[in-house]
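Some notes on the structure that comes next.
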Amino acid sequence: MTDPAALSAVRFRGVSRHFGATRAVDGVDLDIAPGAFFAMLGPSGSGKTTCLRLIAGFEQPDAGSIEIFGAPMTGVPPYRRSVNTVFQDYALFPHMTVGANVAYGPMVRGVPRAEREARARELLALVALSGFEDRRPAQLSGGQRQRVALARALINEPKVLLLDEPLGALDLKLREQMQVELKSLQRRLGITFVFVTHDQSEALSMADRIAVFNEGRIVQVGAPDEVYERPQTRFVADFVGGSNVVEPDAAERLGLPRGLYSLRPEKIRLGEIGFAGTVETTLYQGAQRRVVVAVGSDRLAVVAPAERGPLPVGSAVRLFVPPGAAHRMEG
Amino acid sequence: MAALPIDGRDGALRRLSDRLVARPRLLVALFLAPPLLWLGVVYLGSLVALLAQSFFSIDEFSGLIVREWTLKTYGELFRPANLDIIGRTVTMAALVTLVGAVIAFPIAYYAARYARGRTKALFYLAVMLPLWSSYLVRVYAWKLILAREGILAWATERTGTTPLLDAWLALPVVGGPSLSISYTGTFLVFLYLWLPFMILPIQAALERVPGSLLEASADLGARPGQTLRKVILPLALPGVVAGSIFTFALTLGDYITPQIVGSSTLYIGQAVYTLQGTAGNIPLAAAFSVVPIAIMVGYLAVAKRMGAFDAL
Ligand SMILES: Nc1ncnc2c1ncn2[C@@H]1O[C@H](COP(=O)(O)OP(=O)(O)O)[C@@H](O)[C@H]1O
Ligand SMILES: [Mg+2]
């Protein structure tokens, strides 16, 4: 457990932000530890961006309070918060060169030209874009723009860096590369990163803590393995990695005590023993096959290694649920 | 019923559209030909004819046009009386443009950033509505507003600010017997007439600035004034330049407003009008009309040098 006296990088207490009838953020309590790589994970429209904007100061809460490193943020405008943002659309200034974009923060703070230009060169080197100072944002690829946005947000040495789906617009290969780079950058700089994503695998692989959002509320906070292995609610089980949600009746049929369970597809074994079922659908995913098996009136998703061979629709299989594979949930 | 691989309908129109779809360049050429012909032949042609006229001169005794190439007519532009006209017109156009931009910017900014739905519709209505009524009606309306017995004088009387108005009218250049017979009056009417042409391009330019750029600026530590100077103004500049081209050129070319409201001094437009009409001095009229063109070309060159079009 976190020590309640320890200073949080970001602390929300009962924070709400409503737009008319839309409860974008609804009574959120949140503690982000200094130096954490914190992911906000949730489906589109669940209030992640609004939370980030509340931290940055672009939105003011309708209720509740926000503290950044202990300082109350009520009425503090964005330009007086030691927080910087990497925007979803990068928001690079089109009329400035890459160098001027990165040097913008020091420039508006009155840092002399030579000093801020040297600093901008350092930051561009940090994101492996040395020599790009004189280009225009329009002349860069998506991945390069993303790095410029990162360098620009880091130049003020913020205490908290906010990233709103920063990898969303990149193709898969580049995205995976940037995931690794962001993670190592965060380790080197030791800055608190708050990272918004709707991609559960991205959150699981990058973050050291994840808050799962649904309809403006945080439904579970925990380490990635905690959220993945021990979801507390039906929503988390389904959203974080498509787990089987086993209803109380079905649980009894599977020989479990009556209750709601999450059962990860990869924990179920296809073999010679166990419940008899028939293959309903099969989805080839390269290294593995995701198969939906009908057991009586129940449906269970199962992951089978690809080398097990094809599993034609309608073929008879047996499912074995190892003891302890199912995780009991609250509701 | 057998499904045909190709839609079986046929006809001349259909064959034509098939051909056009296969040749997009032909289609574009067909669309552009009429306007290009109009622009090229009728508009540019008459412009060239006009320019050619300005290199002729007029015989002072017979009043006939001498069709020989000469720069003599342009030399006449530099006579003090003519320089006066040019200077007055350019100063007026510059002031109208400058003040117009200053007034238009906040209005355009509000419309682009804050107005939504009904307020936006109201904004467009308010800006465009004056353009639906006759230009002459509006200018005469202003003459009545600014006249000595007009509503403005009445309002100053009621608010006890008549001394202020009188003090202004007593000023050397901008004053006069009444606002409707002064440079101030001409200026106010021009400002009113051309303001929509300044507001709309600025608003369009601001509309294209994503809100995230302003947030990024604030996020990086810029106070609102800094964001205005470093991000908003540079990105709105193409709109300001477009608007100022309108207001500048419209003021340079107008010959009616200063006749109705003003101190009965000549502007370029009036000079052209009288020279080609009653005076019959087509070459000098042509030379005069080259002045606004030259000024606009120079203005655009300077604007481009200053980077006004970099964000396009
Ligand atoms: N400025 C706004 N005006 C009205 N509704 C908004 C505004 N910003 C967000 N919302 C609404 O709040 C909800 C949460 O939005 P958001 O925080 O962007 O979600 P996410 O980032 O998780 O996709 C959505 O229903 C969205 O439509
Ligand atoms: Mg979002």
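Just so we're on the same page: first chain in the structure tokens is A, next is B, and so on; residues restart at 1 for each chain, and ligands are numbered from 1 in the order they show up.
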
Expected selection as number ranges by chain for ligand 2 within 12 Å, only C-alpha atoms and all ligand atoms:
A: 24, 40-53, 87-89, 163-166, 168, 195-199, 213, 216

Kindly assemble as a tab-separated table a list of the chain B residues that lie within 7 Å of chain A, each paired with its nearest atom pair and their distance in Å to one decimal, using only C-alpha atoms, sorted first by chain and then by ascending residue number.
```
residue	atom	partner	partner_atom	distance
B:Ser212	CA	A:Ala91	CA	5.7
B:Leu213	CA	A:Ala91	CA	5.1
B:Ala216	CA	A:Ala91	CA	6.5
B:Ala218	CA	A:Tyr79	CA	4.8
B:Asp219	CA	A:Pro78	CA	5.3
B:Leu220	CA	A:Gly105	CA	4.8
B:Gly221	CA	A:Tyr79	CA	4.0
B:Ala222	CA	A:Val108	CA	5.4
B:Arg223	CA	A:Tyr79	CA	6.3
B:Asp310	CA	A:His95	CA	6.6
B:Ala311	CA	A:His95	CA	5.4
```

What separates atom CA of A:Arg234 and atom CA of A:Gly277 is a distance of 24.0 Å

Under the rule that only C-alpha atoms and all ligand atoms are counted, which of A:Thr278, A:Gln60, A:Ser141, A:Asn214 is the nearest residue to ligand 1?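 Among the listed residues, A:Asn214 lies closest to ligand 1.
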
Atom pair atom CA of A:Phe69 + atom CA of A:Ile191, distance 12.3 Å

From the list A:Leu174, A:Arg217, A:Asp208, A:Ala301, the nearest residue to ligand 1 using only C-alpha atoms and all ligand atoms is A:Arg217

Quick one: residues within 7 Å of stretch 90-105 of chain B, only C-alpha atoms counted, chain neighbours fewer than 2 positions away excluded, as a PDB file with N, CA, C and O atoms, in the first residue's frame?
```
ATOM      1  N   ILE B  86      -2.646  61.448 -55.136  1.00  0.00           N
ATOM      2  CA  ILE B  86      -2.133  60.109 -54.847  1.00  0.00           C
ATOM      3  C   ILE B  86      -1.837  59.966 -53.360  1.00  0.00           C
ATOM      4  O   ILE B  86      -2.242  58.995 -52.717  1.00  0.00           O
ATOM      5  N   GLY B  87      -1.164  60.970 -52.811  1.00  0.00           N
ATOM      6  CA  GLY B  87      -0.810  60.913 -51.392  1.00  0.00           C
ATOM      7  C   GLY B  87      -2.049  60.813 -50.510  1.00  0.00           C
ATOM      8  O   GLY B  87      -2.106  59.994 -49.589  1.00  0.00           O
ATOM      9  N   ARG B  88      -3.063  61.611 -50.819  1.00  0.00           N
ATOM     10  CA  ARG B  88      -4.287  61.611 -50.033  1.00  0.00           C
ATOM     11  C   ARG B  88      -4.957  60.240 -50.093  1.00  0.00           C
ATOM     12  O   ARG B  88      -5.330  59.668 -49.076  1.00  0.00           O
ATOM     13  N   ILE B 107     -13.278  40.956 -33.441  1.00  0.00           N
ATOM     14  CA  ILE B 107     -14.577  40.439 -33.876  1.00  0.00           C
ATOM     15  C   ILE B 107     -14.392  39.069 -34.522  1.00  0.00           C
ATOM     16  O   ILE B 107     -15.078  38.093 -34.199  1.00  0.00           O
ATOM     17  N   ALA B 108     -13.402  38.994 -35.441  1.00  0.00           N
ATOM     18  CA  ALA B 108     -13.141  37.736 -36.132  1.00  0.00           C
ATOM     19  C   ALA B 108     -12.700  36.661 -35.143  1.00  0.00           C
ATOM     20  O   ALA B 108     -13.092  35.503 -35.246  1.00  0.00           O
ATOM     21  N   TYR B 109     -11.908  37.069 -34.161  1.00  0.00           N
ATOM     22  CA  TYR B 109     -11.407  36.114 -33.170  1.00  0.00           C
ATOM     23  C   TYR B 109     -12.555  35.538 -32.355  1.00  0.00           C
ATOM     24  O   TYR B 109     -12.655  34.327 -32.167  1.00  0.00           O
ATOM     25  N   PHE B 187     -13.291  58.863 -43.828  1.00  0.00           N
ATOM     26  CA  PHE B 187     -12.611  57.734 -43.201  1.00  0.00           C
ATOM     27  C   PHE B 187     -13.622  56.795 -42.532  1.00  0.00           C
ATOM     28  O   PHE B 187     -13.592  55.579 -42.739  1.00  0.00           O
ATOM     29  N   PHE B 190     -15.643  54.844 -45.167  1.00  0.00           N
ATOM     30  CA  PHE B 190     -14.819  53.782 -45.767  1.00  0.00           C
ATOM     31  C   PHE B 190     -14.651  52.619 -44.785  1.00  0.00           C
ATOM     32  O   PHE B 190     -14.794  51.449 -45.136  1.00  0.00           O
ATOM     33  N   LEU B 191     -14.349  52.965 -43.563  1.00  0.00           N
ATOM     34  CA  LEU B 191     -14.125  51.950 -42.536  1.00  0.00           C
ATOM     35  C   LEU B 191     -15.356  51.053 -42.409  1.00  0.00           C
ATOM     36  O   LEU B 191     -15.257  49.825 -42.395  1.00  0.00           O
ATOM     37  N   LEU B 195     -15.352  47.035 -43.739  1.00  0.00           N
ATOM     38  CA  LEU B 195     -15.060  46.191 -42.575  1.00  0.00           C
ATOM     39  C   LEU B 195     -15.391  44.702 -42.807  1.00  0.00           C
ATOM     40  O   LEU B 195     -14.599  43.836 -42.450  1.00  0.00           O
ATOM     41  N   MET B 198     -12.682  42.780 -44.314  1.00  0.00           N
ATOM     42  CA  MET B 198     -11.543  42.525 -43.437  1.00  0.00           C
ATOM     43  C   MET B 198     -11.878  41.410 -42.445  1.00  0.00           C
ATOM     44  O   MET B 198     -11.063  40.529 -42.192  1.00  0.00           O
ATOM     45  N   ILE B 199     -13.100  41.451 -41.915  1.00  0.00           N
ATOM     46  CA  ILE B 199     -13.475  40.465 -40.884  1.00  0.00           C
ATOM     47  C   ILE B 199     -13.473  39.043 -41.452  1.00  0.00           C
ATOM     48  O   ILE B 199     -12.903  38.122 -40.860  1.00  0.00           O
ATOM     49  N   ILE B 202     -10.043  37.225 -42.068  1.00  0.00           N
ATOM     50  CA  ILE B 202      -9.343  36.977 -40.803  1.00  0.00           C
ATOM     51  C   ILE B 202     -10.043  35.845 -40.059  1.00  0.00           C
ATOM     52  O   ILE B 202      -9.408  34.940 -39.512  1.00  0.00           O
ATOM     53  N   VAL B 240      -5.194  38.431 -42.534  1.00  0.00           N
ATOM     54  CA  VAL B 240      -5.075  39.881 -42.399  1.00  0.00           C
ATOM     55  C   VAL B 240      -4.604  40.482 -43.721  1.00  0.00           C
ATOM     56  O   VAL B 240      -5.126  41.508 -44.169  1.00  0.00           O
ATOM     57  N   SER B 244      -6.626  43.012 -45.951  1.00  0.00           N
ATOM     58  CA  SER B 244      -6.100  44.344 -46.218  1.00  0.00           C
ATOM     59  C   SER B 244      -5.988  44.600 -47.714  1.00  0.00           C
ATOM     60  O   SER B 244      -6.094  45.736 -48.154  1.00  0.00           O
ATOM     61  N   THR B 247      -9.538  45.847 -48.435  1.00  0.00           N
ATOM     62  CA  THR B 247      -9.853  47.196 -47.961  1.00  0.00           C
ATOM     63  C   THR B 247      -8.974  48.232 -48.652  1.00  0.00           C
ATOM     64  O   THR B 247      -9.450  49.308 -49.011  1.00  0.00           O
ATOM     65  N   PHE B 248      -7.712  47.879 -48.853  1.00  0.00           N
ATOM     66  CA  PHE B 248      -6.785  48.821 -49.479  1.00  0.00           C
ATOM     67  C   PHE B 248      -7.209  49.097 -50.921  1.00  0.00           C
ATOM     68  O   PHE B 248      -7.370  50.245 -51.335  1.00  0.00           O
ATOM     69  N   THR B 251     -10.571  50.970 -51.217  1.00  0.00           N
ATOM     70  CA  THR B 251     -10.463  52.397 -50.919  1.00  0.00           C
ATOM     71  C   THR B 251      -9.740  53.128 -52.041  1.00  0.00           C
ATOM     72  O   THR B 251     -10.148  54.219 -52.440  1.00  0.00           O
ATOM     73  N   LEU B 252      -8.680  52.502 -52.561  1.00  0.00           N
ATOM     74  CA  LEU B 252      -7.919  53.142 -53.638  1.00  0.00           C
ATOM     75  C   LEU B 252      -8.800  53.392 -54.854  1.00  0.00           C
ATOM     76  O   LEU B 252      -8.624  54.374 -55.562  1.00  0.00           O
TER      77      LEU B 252
END
```

- Query: Between A:Val212, A:Ala71, A:Leu126, A:Ala250, which has the minimum distance to ligand 1 (counting only C-alpha atoms and all ligand atoms)?
  - Reply: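 Smallest distance to ligand 1 is found for A:Val212.
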
- Query: Can you list, as a list in words, every protein, DNA or RNA residue that comes within 8 Å of stretch 176-181 of chain A when you count only C-alpha atoms, leaving out same-chain residues fewer than 4 positions away?
  - Reply: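 Answer for this query is Leu167, Leu172, Leu185, Glu202 and Met206 of chain A.
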
Between B:Leu71, B:Ala112, B:Leu200, B:Ala167, smallest distance to B:Ser54 by only C-alpha atoms belongs to B:Leu71

I'd like to know which of B:Gly211, B:Leu171, B:Leu39, B:Gly280 is closest to ligand 1, using only C-alpha atoms and all ligand atoms.
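Nearest to ligand 1: B:Gly211.
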